[in-house]
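Chemist: Coordinates in target.cif, mmCIF, C-alpha atoms, are listed below.
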data_model
#
loop_
_atom_site.group_PDB
_atom_site.id
_atom_site.type_symbol
_atom_site.label_atom_id
_atom_site.label_comp_id
_atom_site.auth_asym_id
_atom_site.auth_seq_id
_atom_site.Cartn_x
_atom_site.Cartn_y
_atom_site.Cartn_z
ATOM 1 C CA MET A 19 -3.187 14.824 15.239
ATOM 2 C CA LYS A 20 -2.999 18.551 15.995
ATOM 3 C CA ASP A 21 -5.371 21.503 16.207
ATOM 4 C CA SER A 22 -3.978 23.350 13.185
ATOM 5 C CA VAL A 23 -3.910 22.106 9.602
ATOM 6 C CA LEU A 24 -1.263 19.425 9.016
ATOM 7 C CA GLY A 25 1.348 20.186 6.378
ATOM 8 C CA MET A 26 1.901 17.019 4.319
ATOM 9 C CA GLY A 27 5.063 16.426 2.327
ATOM 10 C CA VAL A 28 4.784 14.020 -0.614
ATOM 11 C CA ILE A 29 8.072 12.194 -1.154
ATOM 12 C CA GLY A 30 7.942 10.822 -4.683
ATOM 13 C CA THR A 31 5.614 12.289 -7.296
ATOM 14 C CA GLY A 32 5.385 9.217 -9.496
ATOM 15 C CA SER A 33 2.275 7.148 -10.102
ATOM 16 C CA ILE A 34 1.290 6.466 -6.480
ATOM 17 C CA GLY A 35 2.336 9.926 -5.318
ATOM 18 C CA ILE A 36 -0.058 11.418 -7.849
ATOM 19 C CA ARG A 37 -2.975 8.967 -7.671
ATOM 20 C CA GLY A 38 -2.779 8.059 -3.981
ATOM 21 C CA ALA A 39 -1.758 11.405 -2.508
ATOM 22 C CA LEU A 40 -1.825 14.562 -4.635
ATOM 23 C CA ASP A 41 -5.084 13.870 -6.493
ATOM 24 C CA HIS A 42 -6.801 13.532 -3.113
ATOM 25 C CA LEU A 43 -4.935 16.232 -1.192
ATOM 26 C CA VAL A 44 -6.229 18.974 -3.507
ATOM 27 C CA VAL A 45 -9.873 18.127 -2.756
ATOM 28 C CA PRO A 46 -11.186 20.940 -0.497
ATOM 29 C CA ASP A 47 -13.154 18.715 1.887
ATOM 30 C CA ILE A 48 -9.987 17.812 3.822
ATOM 31 C CA HIS A 49 -8.306 21.237 3.880
ATOM 32 C CA ASP A 50 -9.511 21.886 7.405
ATOM 33 C CA ARG A 51 -7.233 19.004 8.463
ATOM 34 C CA VAL A 52 -4.421 18.562 5.957
ATOM 35 C CA ARG A 53 -2.860 20.261 2.929
ATOM 36 C CA ALA A 54 0.034 19.413 0.654
ATOM 37 C CA ALA A 55 2.928 21.571 1.884
ATOM 38 C CA ALA A 56 5.764 20.287 -0.308
ATOM 39 C CA VAL A 57 6.719 17.669 -2.865
ATOM 40 C CA CYS A 58 10.018 16.138 -3.900
ATOM 41 C CA ASP A 59 11.250 13.767 -6.567
ATOM 42 C CA ALA A 60 14.683 12.737 -7.773
ATOM 43 C CA VAL A 61 13.632 12.849 -11.457
ATOM 44 C CA PRO A 62 14.621 16.279 -12.819
ATOM 45 C CA GLY A 63 11.629 18.554 -13.222
ATOM 46 C CA ARG A 64 9.006 16.128 -11.880
ATOM 47 C CA ALA A 65 8.540 17.712 -8.449
ATOM 48 C CA GLN A 66 8.318 21.177 -9.976
ATOM 49 C CA ALA A 67 5.752 19.984 -12.528
ATOM 50 C CA ALA A 68 3.682 18.322 -9.802
ATOM 51 C CA ALA A 69 3.812 21.419 -7.607
ATOM 52 C CA GLU A 70 2.594 23.599 -10.471
ATOM 53 C CA LYS A 71 -0.213 21.211 -11.398
ATOM 54 C CA TYR A 72 -1.481 20.706 -7.844
ATOM 55 C CA GLY A 73 -0.752 24.133 -6.366
ATOM 56 C CA VAL A 74 1.802 22.891 -3.840
ATOM 57 C CA PRO A 75 3.887 25.742 -2.336
ATOM 58 C CA ASN A 76 7.309 24.071 -2.368
ATOM 59 C CA ALA A 77 9.100 21.596 -4.650
ATOM 60 C CA TYR A 78 12.449 19.939 -3.985
ATOM 61 C CA ASP A 79 14.780 17.563 -5.794
ATOM 62 C CA SER A 80 15.702 15.624 -2.631
ATOM 63 C CA TYR A 81 13.868 14.317 0.399
ATOM 64 C CA GLU A 82 16.541 15.831 2.650
ATOM 65 C CA GLU A 83 15.503 19.300 1.471
ATOM 66 C CA LEU A 84 11.842 18.498 2.006
ATOM 67 C CA LEU A 85 12.474 17.204 5.544
ATOM 68 C CA ALA A 86 14.198 20.486 6.389
ATOM 69 C CA ASP A 87 11.077 22.471 5.419
ATOM 70 C CA PRO A 88 9.359 23.713 8.622
ATOM 71 C CA ALA A 89 6.000 23.747 6.842
ATOM 72 C CA VAL A 90 6.126 19.955 6.592
ATOM 73 C CA ASP A 91 4.666 18.212 9.662
ATOM 74 C CA ALA A 92 4.257 14.757 8.141
ATOM 75 C CA VAL A 93 5.266 12.886 5.005
ATOM 76 C CA THR A 94 3.850 10.177 2.806
ATOM 77 C CA LEU A 95 6.509 7.959 1.258
ATOM 78 C CA CYS A 96 5.491 7.293 -2.341
ATOM 79 C CA THR A 97 8.894 5.982 -3.378
ATOM 80 C CA PRO A 98 10.189 2.504 -4.283
ATOM 81 C CA ILE A 99 9.908 0.087 -1.366
ATOM 82 C CA GLY A 100 13.660 -0.427 -1.098
ATOM 83 C CA LEU A 101 14.057 3.253 -0.142
ATOM 84 C CA HIS A 102 11.471 3.269 2.645
ATOM 85 C CA PHE A 103 13.742 2.398 5.549
ATOM 86 C CA ASP A 104 16.346 5.094 4.958
ATOM 87 C CA GLN A 105 13.798 7.750 4.062
ATOM 88 C CA GLY A 106 11.489 6.793 6.919
ATOM 89 C CA LEU A 107 14.320 6.847 9.417
ATOM 90 C CA ALA A 108 15.427 10.285 8.218
ATOM 91 C CA ALA A 109 11.855 11.578 8.506
ATOM 92 C CA ILE A 110 11.463 10.216 12.041
ATOM 93 C CA ARG A 111 14.758 11.772 13.119
ATOM 94 C CA ALA A 112 13.590 15.068 11.615
ATOM 95 C CA GLY A 113 10.499 14.863 13.840
ATOM 96 C CA LYS A 114 8.026 14.187 11.021
ATOM 97 C CA HIS A 115 5.074 11.800 11.218
ATOM 98 C CA VAL A 116 5.195 9.192 8.447
ATOM 99 C CA HIS A 117 2.774 7.333 6.205
ATOM 100 C CA PHE A 118 4.496 4.469 4.384
ATOM 101 C CA ASN A 119 3.031 3.195 1.170
ATOM 102 C CA LYS A 120 3.190 -0.563 1.089
ATOM 103 C CA THR A 121 5.249 -2.069 2.361
ATOM 104 C CA ILE A 122 6.786 -0.285 5.320
ATOM 105 C CA THR A 123 10.227 -1.921 4.922
ATOM 106 C CA LEU A 124 11.914 -5.004 3.536
ATOM 107 C CA THR A 125 12.570 -6.760 6.861
ATOM 108 C CA TYR A 126 11.169 -7.156 10.347
ATOM 109 C CA ASP A 127 14.332 -5.707 11.903
ATOM 110 C CA GLU A 128 14.044 -2.541 9.794
ATOM 111 C CA ALA A 129 10.383 -2.106 10.707
ATOM 112 C CA LYS A 130 11.071 -2.618 14.411
ATOM 113 C CA GLN A 131 13.841 -0.022 14.382
ATOM 114 C CA LEU A 132 11.507 2.522 12.792
ATOM 115 C CA ILE A 133 8.773 1.791 15.322
ATOM 116 C CA ASP A 134 11.193 2.064 18.254
ATOM 117 C CA GLU A 135 12.727 5.318 17.002
ATOM 118 C CA ALA A 136 9.296 6.803 16.307
ATOM 119 C CA ALA A 137 8.219 6.016 19.871
ATOM 120 C CA ALA A 138 11.348 7.691 21.220
ATOM 121 C CA LYS A 139 10.713 10.800 19.097
ATOM 122 C CA ASP A 140 6.944 10.795 19.805
ATOM 123 C CA VAL A 141 6.037 10.722 16.119
ATOM 124 C CA ARG A 142 3.286 8.626 14.551
ATOM 125 C CA LEU A 143 3.656 5.965 11.872
ATOM 126 C CA VAL A 144 1.012 4.471 9.583
ATOM 127 C CA ALA A 145 1.791 1.795 7.005
ATOM 128 C CA SER A 146 -0.249 0.701 4.032
ATOM 129 C CA PRO A 147 -2.056 -1.484 3.321
ATOM 130 C CA GLY A 148 -4.404 -0.840 6.228
ATOM 131 C CA GLN A 149 -6.507 -3.878 5.484
ATOM 132 C CA MET A 150 -8.110 -4.178 8.897
ATOM 133 C CA VAL A 151 -9.375 -0.610 8.710
ATOM 134 C CA ARG A 152 -11.717 -1.898 5.982
ATOM 135 C CA TYR A 153 -15.167 -2.617 7.384
ATOM 136 C CA PRO A 154 -15.832 -5.886 5.496
ATOM 137 C CA TYR A 155 -12.569 -7.409 6.701
ATOM 138 C CA GLN A 156 -13.375 -6.475 10.283
ATOM 139 C CA ARG A 157 -16.627 -8.387 9.813
ATOM 140 C CA LEU A 158 -14.797 -11.370 8.321
ATOM 141 C CA ARG A 159 -12.558 -11.461 11.382
ATOM 142 C CA GLU A 160 -15.610 -11.511 13.631
ATOM 143 C CA LEU A 161 -17.209 -14.317 11.635
ATOM 144 C CA VAL A 162 -14.100 -16.493 11.742
ATOM 145 C CA ALA A 163 -13.547 -15.809 15.444
ATOM 146 C CA ASP A 164 -17.188 -16.645 16.187
ATOM 147 C CA GLY A 165 -16.895 -20.004 14.431
ATOM 148 C CA ALA A 166 -19.146 -19.190 11.472
ATOM 149 C CA ILE A 167 -17.214 -21.690 9.322
ATOM 150 C CA GLY A 168 -16.104 -23.961 12.150
ATOM 151 C CA LYS A 169 -12.368 -24.462 12.571
ATOM 152 C CA VAL A 170 -10.346 -23.022 9.705
ATOM 153 C CA ALA A 171 -8.551 -25.839 7.904
ATOM 154 C CA TRP A 172 -6.801 -23.808 5.268
ATOM 155 C CA ALA A 173 -6.894 -20.528 3.385
ATOM 156 C CA ALA A 174 -5.528 -19.133 0.155
ATOM 157 C CA THR A 175 -4.661 -15.696 -1.205
ATOM 158 C CA GLY A 176 -2.281 -14.013 -3.586
ATOM 159 C CA ALA A 177 -1.722 -11.899 -6.655
ATOM 160 C CA ALA A 178 0.169 -11.863 -9.926
ATOM 161 C CA PHE A 179 2.190 -9.118 -11.638
ATOM 162 C CA GLY A 180 0.948 -9.638 -15.168
ATOM 163 C CA SER A 181 1.641 -6.413 -17.088
ATOM 164 C CA TYR A 182 -0.384 -4.135 -14.827
ATOM 165 C CA HIS A 183 2.311 -1.585 -14.093
ATOM 166 C CA GLU A 184 3.430 -1.203 -17.691
ATOM 167 C CA GLN A 185 -0.123 -0.290 -18.688
ATOM 168 C CA GLU A 186 -1.012 2.242 -15.977
ATOM 169 C CA GLY A 187 -2.270 5.530 -17.401
ATOM 170 C CA LEU A 188 0.535 7.640 -15.957
ATOM 171 C CA ARG A 189 3.145 5.643 -17.871
ATOM 172 C CA THR A 190 1.956 6.107 -21.428
ATOM 173 C CA GLY A 191 2.246 9.875 -21.920
ATOM 174 C CA ASP A 192 5.035 12.111 -23.158
ATOM 175 C CA ASP A 193 5.674 14.485 -20.253
ATOM 176 C CA VAL A 194 7.404 14.113 -16.912
ATOM 177 C CA LEU A 195 4.166 13.405 -15.024
ATOM 178 C CA THR A 196 2.780 10.828 -17.448
ATOM 179 C CA ASN A 197 5.797 8.834 -18.664
ATOM 180 C CA ILE A 198 6.724 7.350 -15.288
ATOM 181 C CA ASN A 199 9.090 4.399 -15.623
ATOM 182 C CA PRO A 200 7.906 1.281 -13.693
ATOM 183 C CA SER A 201 11.171 -0.669 -13.887
ATOM 184 C CA TRP A 202 11.879 -0.433 -10.155
ATOM 185 C CA TYR A 203 9.081 -2.965 -9.642
ATOM 186 C CA TRP A 204 11.321 -5.551 -11.326
ATOM 187 C CA ARG A 205 14.517 -4.836 -9.381
ATOM 188 C CA LYS A 206 15.974 -5.591 -5.980
ATOM 189 C CA PRO A 207 15.657 -4.300 -3.346
ATOM 190 C CA GLY A 208 11.908 -4.084 -2.931
ATOM 191 C CA GLY A 209 10.622 -5.193 -6.328
ATOM 192 C CA GLY A 210 8.474 -8.194 -7.137
ATOM 193 C CA PRO A 211 4.798 -9.064 -6.655
ATOM 194 C CA LEU A 212 5.114 -10.187 -3.014
ATOM 195 C CA TYR A 213 5.978 -6.696 -1.729
ATOM 196 C CA ASP A 214 3.788 -4.897 -4.227
ATOM 197 C CA MET A 215 0.554 -6.885 -4.579
ATOM 198 C CA THR A 216 0.439 -10.065 -2.482
ATOM 199 C CA VAL A 217 0.864 -7.880 0.594
ATOM 200 C CA TYR A 218 -2.827 -6.896 0.425
ATOM 201 C CA GLY A 219 -4.306 -10.376 0.737
ATOM 202 C CA LEU A 220 -1.523 -11.433 3.086
ATOM 203 C CA HIS A 221 -2.322 -8.577 5.475
ATOM 204 C CA THR A 222 -6.015 -9.475 5.332
ATOM 205 C CA LEU A 223 -5.149 -13.112 6.011
ATOM 206 C CA THR A 224 -2.978 -12.406 9.050
ATOM 207 C CA GLY A 225 -5.363 -9.702 10.231
ATOM 208 C CA ILE A 226 -8.037 -12.393 10.467
ATOM 209 C CA LEU A 227 -6.039 -15.470 11.543
ATOM 210 C CA GLY A 228 -3.181 -13.756 13.393
ATOM 211 C CA PRO A 229 0.539 -14.078 12.692
ATOM 212 C CA ALA A 230 1.895 -17.198 11.030
ATOM 213 C CA LYS A 231 4.095 -19.406 13.171
ATOM 214 C CA LYS A 232 6.093 -20.946 10.324
ATOM 215 C CA VAL A 233 6.691 -20.078 6.668
ATOM 216 C CA THR A 234 8.012 -22.273 3.870
ATOM 217 C CA ALA A 235 8.566 -20.818 0.405
ATOM 218 C CA LEU A 236 9.828 -21.341 -3.106
ATOM 219 C CA SER A 237 10.890 -18.276 -5.063
ATOM 220 C CA GLY A 238 12.624 -17.427 -8.309
ATOM 221 C CA ILE A 239 12.755 -15.300 -11.448
ATOM 222 C CA LEU A 240 10.481 -16.503 -14.238
ATOM 223 C CA ILE A 241 10.801 -13.595 -16.695
ATOM 224 C CA PRO A 242 14.462 -12.460 -16.851
ATOM 225 C CA GLU A 243 13.743 -9.319 -18.873
ATOM 226 C CA ARG A 244 10.779 -6.974 -19.202
ATOM 227 C CA GLU A 245 10.023 -4.299 -21.770
ATOM 228 C CA PHE A 246 8.863 -0.732 -21.282
ATOM 229 C CA GLN A 247 8.552 1.776 -24.120
ATOM 230 C CA GLY A 248 10.837 -0.229 -26.354
ATOM 231 C CA GLN A 249 13.624 -0.671 -23.810
ATOM 232 C CA MET A 250 14.477 -3.957 -22.094
ATOM 233 C CA TYR A 251 15.093 -4.109 -18.334
ATOM 234 C CA GLU A 252 16.695 -6.926 -16.376
ATOM 235 C CA THR A 253 14.551 -8.567 -13.716
ATOM 236 C CA SER A 254 16.631 -8.919 -10.544
ATOM 237 C CA ALA A 255 13.758 -9.255 -8.034
ATOM 238 C CA ASP A 256 11.981 -12.604 -7.714
ATOM 239 C CA ASP A 257 8.788 -12.432 -9.750
ATOM 240 C CA ASN A 258 7.429 -15.917 -9.039
ATOM 241 C CA SER A 259 6.971 -16.986 -5.416
ATOM 242 C CA VAL A 260 4.718 -19.371 -3.499
ATOM 243 C CA MET A 261 4.468 -19.773 0.267
ATOM 244 C CA LEU A 262 2.970 -22.189 2.764
ATOM 245 C CA LEU A 263 2.021 -20.637 6.090
ATOM 246 C CA ASP A 264 1.475 -22.595 9.309
ATOM 247 C CA PHE A 265 -0.817 -20.841 11.808
ATOM 248 C CA GLY A 266 -0.645 -23.669 14.323
ATOM 249 C CA GLY A 267 -3.268 -26.174 15.346
ATOM 250 C CA GLY A 268 -3.367 -27.710 11.886
ATOM 251 C CA THR A 269 -4.434 -24.480 10.111
ATOM 252 C CA PHE A 270 -2.440 -23.695 6.968
ATOM 253 C CA ALA A 271 -2.521 -21.212 4.087
ATOM 254 C CA PHE A 272 -1.236 -21.036 0.532
ATOM 255 C CA VAL A 273 0.002 -17.625 -0.649
ATOM 256 C CA GLN A 274 1.222 -16.697 -4.129
ATOM 257 C CA GLY A 275 3.085 -13.713 -5.540
ATOM 258 C CA THR A 276 3.591 -14.818 -9.093
ATOM 259 C CA ALA A 277 4.390 -13.570 -12.568
ATOM 260 C CA THR A 278 1.007 -14.695 -13.852
ATOM 261 C CA GLY A 279 -2.082 -16.608 -12.810
ATOM 262 C CA SER A 280 -4.787 -16.062 -10.228
ATOM 263 C CA LEU A 281 -6.529 -18.083 -7.551
ATOM 264 C CA GLY A 282 -9.739 -16.337 -8.518
ATOM 265 C CA GLY A 283 -11.562 -13.537 -6.753
ATOM 266 C CA TYR A 284 -10.230 -10.187 -5.604
ATOM 267 C CA PHE A 285 -6.596 -10.252 -4.537
ATOM 268 C CA HIS A 286 -7.295 -8.293 -1.327
ATOM 269 C CA GLU A 287 -9.600 -11.058 -0.085
ATOM 270 C CA PRO A 288 -8.469 -14.559 0.949
ATOM 271 C CA THR A 289 -10.631 -17.649 0.766
ATOM 272 C CA PHE A 290 -11.127 -19.573 4.025
ATOM 273 C CA PHE A 291 -12.128 -23.230 4.160
ATOM 274 C CA GLY A 292 -13.464 -24.424 7.495
ATOM 275 C CA THR A 293 -14.940 -27.571 8.979
ATOM 276 C CA GLY A 294 -18.363 -25.900 8.941
ATOM 277 C CA GLY A 295 -18.352 -23.723 5.838
ATOM 278 C CA THR A 296 -16.445 -21.459 3.482
ATOM 279 C CA ILE A 297 -15.746 -17.754 3.120
ATOM 280 C CA GLN A 298 -14.923 -16.730 -0.447
ATOM 281 C CA GLY A 299 -14.337 -13.045 -0.927
ATOM 282 C CA LEU A 300 -17.181 -11.326 0.889
ATOM 283 C CA LYS A 301 -19.519 -14.330 0.777
ATOM 284 C CA LEU A 302 -20.242 -16.753 3.609
ATOM 285 C CA ASN A 303 -21.365 -20.077 2.144
ATOM 286 C CA GLY A 304 -22.362 -18.282 -1.044
ATOM 287 C CA GLU A 305 -24.333 -15.475 0.629
ATOM 288 C CA GLU A 306 -23.156 -11.864 0.726
ATOM 289 C CA ILE A 307 -22.104 -10.818 4.214
ATOM 290 C CA ASP A 308 -23.365 -7.675 5.936
ATOM 291 C CA TRP A 309 -21.351 -5.240 7.986
ATOM 292 C CA GLU A 310 -22.248 -2.166 9.978
ATOM 293 C CA GLY A 311 -22.923 0.750 7.680
ATOM 294 C CA LYS A 312 -23.034 -1.315 4.477
ATOM 295 C CA GLY A 313 -24.606 0.793 1.738
ATOM 296 C CA GLU A 314 -24.219 3.959 3.800
ATOM 297 C CA ARG A 315 -20.450 4.398 3.855
ATOM 298 C CA HIS A 316 -17.528 3.268 1.770
ATOM 299 C CA ALA A 317 -16.341 -0.225 2.611
ATOM 300 C CA TRP A 318 -12.693 0.801 2.899
ATOM 301 C CA GLY A 319 -12.839 3.571 5.454
ATOM 302 C CA PRO A 320 -14.541 6.672 6.838
ATOM 303 C CA HIS A 321 -12.606 9.251 4.792
ATOM 304 C CA ILE A 322 -13.609 7.942 1.364
ATOM 305 C CA VAL A 323 -16.528 10.279 0.728
ATOM 306 C CA GLY A 324 -17.595 12.743 -1.947
ATOM 307 C CA GLU A 325 -15.089 13.166 -4.768
ATOM 308 C CA HIS A 326 -12.696 10.647 -3.234
ATOM 309 C CA VAL A 327 -15.091 7.770 -3.950
ATOM 310 C CA LYS A 328 -14.614 8.156 -7.718
ATOM 311 C CA MET A 329 -10.855 8.666 -7.573
ATOM 312 C CA GLY A 330 -8.100 6.099 -7.917
ATOM 313 C CA GLU A 331 -6.100 4.589 -5.060
ATOM 314 C CA HIS A 332 -8.615 5.719 -2.472
ATOM 315 C CA HIS A 333 -7.482 2.917 -0.171
ATOM 316 C CA VAL A 334 -4.053 4.627 -0.043
ATOM 317 C CA PHE A 335 -5.760 7.937 0.696
ATOM 318 C CA GLU A 336 -7.689 6.313 3.548
ATOM 319 C CA ASP A 337 -4.453 5.035 5.080
ATOM 320 C CA LEU A 338 -2.869 8.476 4.759
ATOM 321 C CA MET A 339 -5.868 10.030 6.511
ATOM 322 C CA GLN A 340 -5.507 7.547 9.357
ATOM 323 C CA LEU A 341 -2.232 9.347 10.085
ATOM 324 C CA VAL A 342 -3.907 12.763 9.962
#
Go ahead and render the structure in this file as structure tokens.

Modeler:
Amino acid sequence: MKDSVLGMGVIGTGSIGIRGALDHLVVPDIHDRVRAAAVCDAVPGRAQAAAEKYGVPNAYDSYEELLADPAVDAVTLCTPIGLHFDQGLAAIRAGKHVHFNKTITLTYDEAKQLIDEAAAKDVRLVASPGQMVRYPYQRLRELVADGAIGKVAWAATGAAFGSYHEQEGLRTGDDVLTNINPSWYWRKPGGGPLYDMTVYGLHTLTGILGPAKKVTALSGILIPEREFQGQMYETSADDNSVMLLDFGGGTFAFVQGTATGSLGGYFHEPTFFGTGGTIQGLKLNGEEIDWEGKGERHAWGPHIVGEHVKMGEHHVFEDLMQLV
């Protein structure tokens, strides 16, 4: 993005800010391109603790303070999804480049405004999940476009909440960096499995088939309360949703973002049923597919090398590096 080293500000030092950003940003192999310049978090003491642990020069209690720091050239938003629009807009207006953890915003209109304002300010935006940066999914798109399974009749993808977030390692400790409360995942705005997990397979699906022309959905709250560390939290975000997508020409898809249950396979990877065959995960008619560089580079992007391969959330790191 620029000749000198990019100063990255990490907005939100919770679970994804640590695993998807800070853990990776301290690895020396990228310090010729990017370094963590500042962190911020609204939880008292968390930003300061993260800065001390990861050797970050500046720690702030608010994103407004971080955006005013001249050492910060770009930011990664590692905050609850419902905050992304306001924080992203403030970053753009402050002249900072922005990486959005999934999803970029809650609505199309919000996303379009951010894109338009970024263009006017000549700043760059990258939004996770960058599914079509992943080499296998690029190959799947080629196979479908080339008619490897004939005409696609229907596809299916999705994910379920389960109790994944309650059980993450950074939520079971007794200090400010390891007792991170996940309850925002269960609240509006921005909570629920559609925004948080289904978005991966959905982005892969539309990256391969193109945008849906029509959407029909049913959505509701299945589990009205959830427990974390002995305390009960009200569920205000829909946690059980199913969608039917119409891609035109008689091609449809089923998409789930549910409280429990799985369609089988990896939730990043849809299944495609065609008139001449089937793609399930990374298999074409039961045979593993090949893609350029398979076995020689990481499937999810060119920056996942060395220590990053063994680290968590490396797909988030790859998206962040696409901004750099």

Chemist: Select, from A:Pro200, A:Gly106, A:Pro229, A:Gly219, the residue with the minimum atom-to-atom distance to A:Glu245, counting all atoms listed in the file.

Modeler: A:Pro200

Chemist: Given the file shown, determine the residues that the PyMOL selection byres ((chain A and resi 75) around 12) selects; report them as a ChimeraX atom specification.

Modeler: /A:25-28,53-58,65-74,76-78,84,87,89-90

Chemist: Go through A:Gln149, A:Glu287, A:Asp134, A:Ala39 one by one, measure the shortest atom-to-atom distance of each to A:Leu95 using all atoms listed in the file, and give the residue with the smallest value.

Modeler: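 For A:Leu95, the nearest of the candidates is A:Ala39.
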
Chemist: Just the residues within 8 Å of A:Leu220, please, counting all atoms listed in the file, with nothing from its chain fewer than 2 positions along; format it as a list in words.

Modeler: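 That gives Thr175, Gly176, Thr216, Val217, Tyr218, Thr222, Leu223, Thr224, Val273, His286 and Pro288 of chain A.
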
Chemist: Using Å and a single decimal, report how far atom CA of A:Gly295 sits from atom CA of A:Leu227.

Modeler: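 Spanning atom CA of A:Leu227 to atom CA of A:Gly295 is a straight-line distance of 15.9 Å.
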
Chemist: Hey, what's within 12 Å of A:Gln131 if we count all atoms listed in the file and toss same-chain stuff fewer than 2 positions away? As a list in words, please?

Modeler: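 The filter keeps Phe103, Asp104, Gly106, Leu107, Ile110, Arg111, Ile122, Thr123, Thr125, Tyr126, Asp127, Glu128, Ala129, Ile133, Asp134, Glu135, Ala136, Ala137 and Ala138 of chain A.
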
Chemist: Tell me which protein, DNA and RNA residues are within 10 Å of A:Ala86, counting all atoms listed in the file, leaving out same-chain ones fewer than 4 positions away, and put them as number ranges by chain.

Modeler: A: 81-82, 90, 109, 112, 114

Chemist: Show me a table, sorted first by chain and then by increasing residue number, of the residues of stretch 95-123 of chain A having an atom at most 8 Å from stretch 202-211 of chain A, each with its shortest atom pair and the distance in Å to one decimal, counting all atoms listed in the file and written as a Markdown table.

Modeler:
| residue | atom | partner | partner_atom | distance |
| --- | --- | --- | --- | --- |
| A:Pro98 | CA | A:Trp202 | CA | 6.8 |
| A:Ile99 | CA | A:Gly208 | CA | 4.9 |
| A:Gly100 | CA | A:Gly208 | CA | 4.5 |

Chemist: Atom CA of A:Gly292 and atom CA of A:Trp172, how far apart in Å?

Modeler: 7.1 Å

Chemist: Kindly resolve the PyMOL selection byres ((chain A and resi 259) around 7) on the present coordinates and return the residues as a list in words.

Modeler: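 This file, filtered by the PyMOL selection byres ((chain A and resi 259) around 7), leaves Leu236, Ser237, Gly238, Asp257, Asn258, Val260, Met261, Gln274, Gly275 and Thr276 of chain A.
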
Chemist: Around all the atoms of stretch 48-51 of chain A listed in the file, with 6 Å of room on each side, what axis-aligned box do you get, giving centre and edge lengths in Å to one decimal, as JSON?

Modeler:
{"center_x": -8.6, "center_y": 19.8, "center_z": 6.1, "size_x": 14.8, "size_y": 16.1, "size_z": 16.6}

Chemist: Using the chain letters and numbers from the file, which residues does the PyMOL selection byres ((chain A and resi 320-327) around 10) grab, as a compact mmCIF listing (two decimals) with C-alpha atoms, in the coordinates of the input?

Modeler:
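Resulting contents of result.txt:
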# COMPACT_ATOMS: atom_id res chain seq x y z
CA ASP A 41 -5.08 13.87 -6.49
CA HIS A 42 -6.80 13.53 -3.11
CA LEU A 43 -4.93 16.23 -1.19
CA VAL A 45 -9.87 18.13 -2.76
CA PRO A 46 -11.19 20.94 -0.50
CA ASP A 47 -13.15 18.72 1.89
CA ILE A 48 -9.99 17.81 3.82
CA VAL A 151 -9.38 -0.61 8.71
CA ARG A 152 -11.72 -1.90 5.98
CA TYR A 153 -15.17 -2.62 7.38
CA ARG A 315 -20.45 4.40 3.86
CA HIS A 316 -17.53 3.27 1.77
CA ALA A 317 -16.34 -0.22 2.61
CA TRP A 318 -12.69 0.80 2.90
CA GLY A 319 -12.84 3.57 5.45
CA LYS A 328 -14.61 8.16 -7.72
CA MET A 329 -10.86 8.67 -7.57
CA GLY A 330 -8.10 6.10 -7.92
CA GLU A 331 -6.10 4.59 -5.06
CA HIS A 332 -8.62 5.72 -2.47
CA HIS A 333 -7.48 2.92 -0.17
CA PHE A 335 -5.76 7.94 0.70
CA GLU A 336 -7.69 6.31 3.55
CA ASP A 337 -4.45 5.04 5.08
CA LEU A 338 -2.87 8.48 4.76
CA MET A 339 -5.87 10.03 6.51
CA GLN A 340 -5.51 7.55 9.36

Chemist: Show me, as a PDB file with C-alpha atoms, in the coordinates of the input, the residues that have an atom within 7 Å of stretch 179-191 of chain A when counting only C-alpha atoms, minus same-chain residues fewer than 4 positions from it.

Modeler:
ATOM      1  CA  SER A  33       2.275   7.148 -10.102  1.00  0.00           C
ATOM      2  CA  LEU A 195       4.166  13.405 -15.024  1.00  0.00           C
ATOM      3  CA  THR A 196       2.780  10.828 -17.448  1.00  0.00           C
ATOM      4  CA  ASN A 197       5.797   8.834 -18.664  1.00  0.00           C
ATOM      5  CA  ILE A 198       6.724   7.350 -15.288  1.00  0.00           C
ATOM      6  CA  ASN A 199       9.090   4.399 -15.623  1.00  0.00           C
ATOM      7  CA  PRO A 200       7.906   1.281 -13.693  1.00  0.00           C
ATOM      8  CA  PRO A 211       4.798  -9.064  -6.655  1.00  0.00           C
ATOM      9  CA  PHE A 246       8.863  -0.732 -21.282  1.00  0.00           C
ATOM     10  CA  THR A 276       3.591 -14.818  -9.093  1.00  0.00           C
ATOM     11  CA  ALA A 277       4.390 -13.570 -12.568  1.00  0.00           C
ATOM     12  CA  THR A 278       1.007 -14.695 -13.852  1.00  0.00           C
TER      13      THR A 278
END

Chemist: Have a look at A:Leu240, A:Val23, A:His102, A:Gly113 and name the one nearest to A:Ser254; count all atoms listed in the file.

Modeler: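 Closest residue, counting all atoms listed in the file: A:Leu240.
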
Chemist: Generate N, CA and C atoms for stretch 151-155 of chain A and emit them as a short mmCIF file (atom, residue, chain, number, x, y, z; two decimals), keeping the file's coordinate frame.

Modeler:
data_model
loop_
_atom_site.label_atom_id
_atom_site.label_comp_id
_atom_site.auth_asym_id
_atom_site.auth_seq_id
_atom_site.Cartn_x
_atom_site.Cartn_y
_atom_site.Cartn_z
N VAL A 151 -8.53 -1.80 8.60
CA VAL A 151 -9.38 -0.61 8.71
C VAL A 151 -10.65 -0.80 7.89
N ARG A 152 -10.60 -1.69 6.90
CA ARG A 152 -11.72 -1.90 5.98
C ARG A 152 -12.85 -2.63 6.70
N TYR A 153 -14.04 -2.08 6.63
CA TYR A 153 -15.17 -2.62 7.38
C TYR A 153 -15.50 -4.08 7.05
N PRO A 154 -15.50 -4.48 5.78
CA PRO A 154 -15.83 -5.89 5.50
C PRO A 154 -14.84 -6.86 6.12
N TYR A 155 -13.57 -6.49 6.17
CA TYR A 155 -12.57 -7.41 6.70
C TYR A 155 -12.66 -7.49 8.22
#
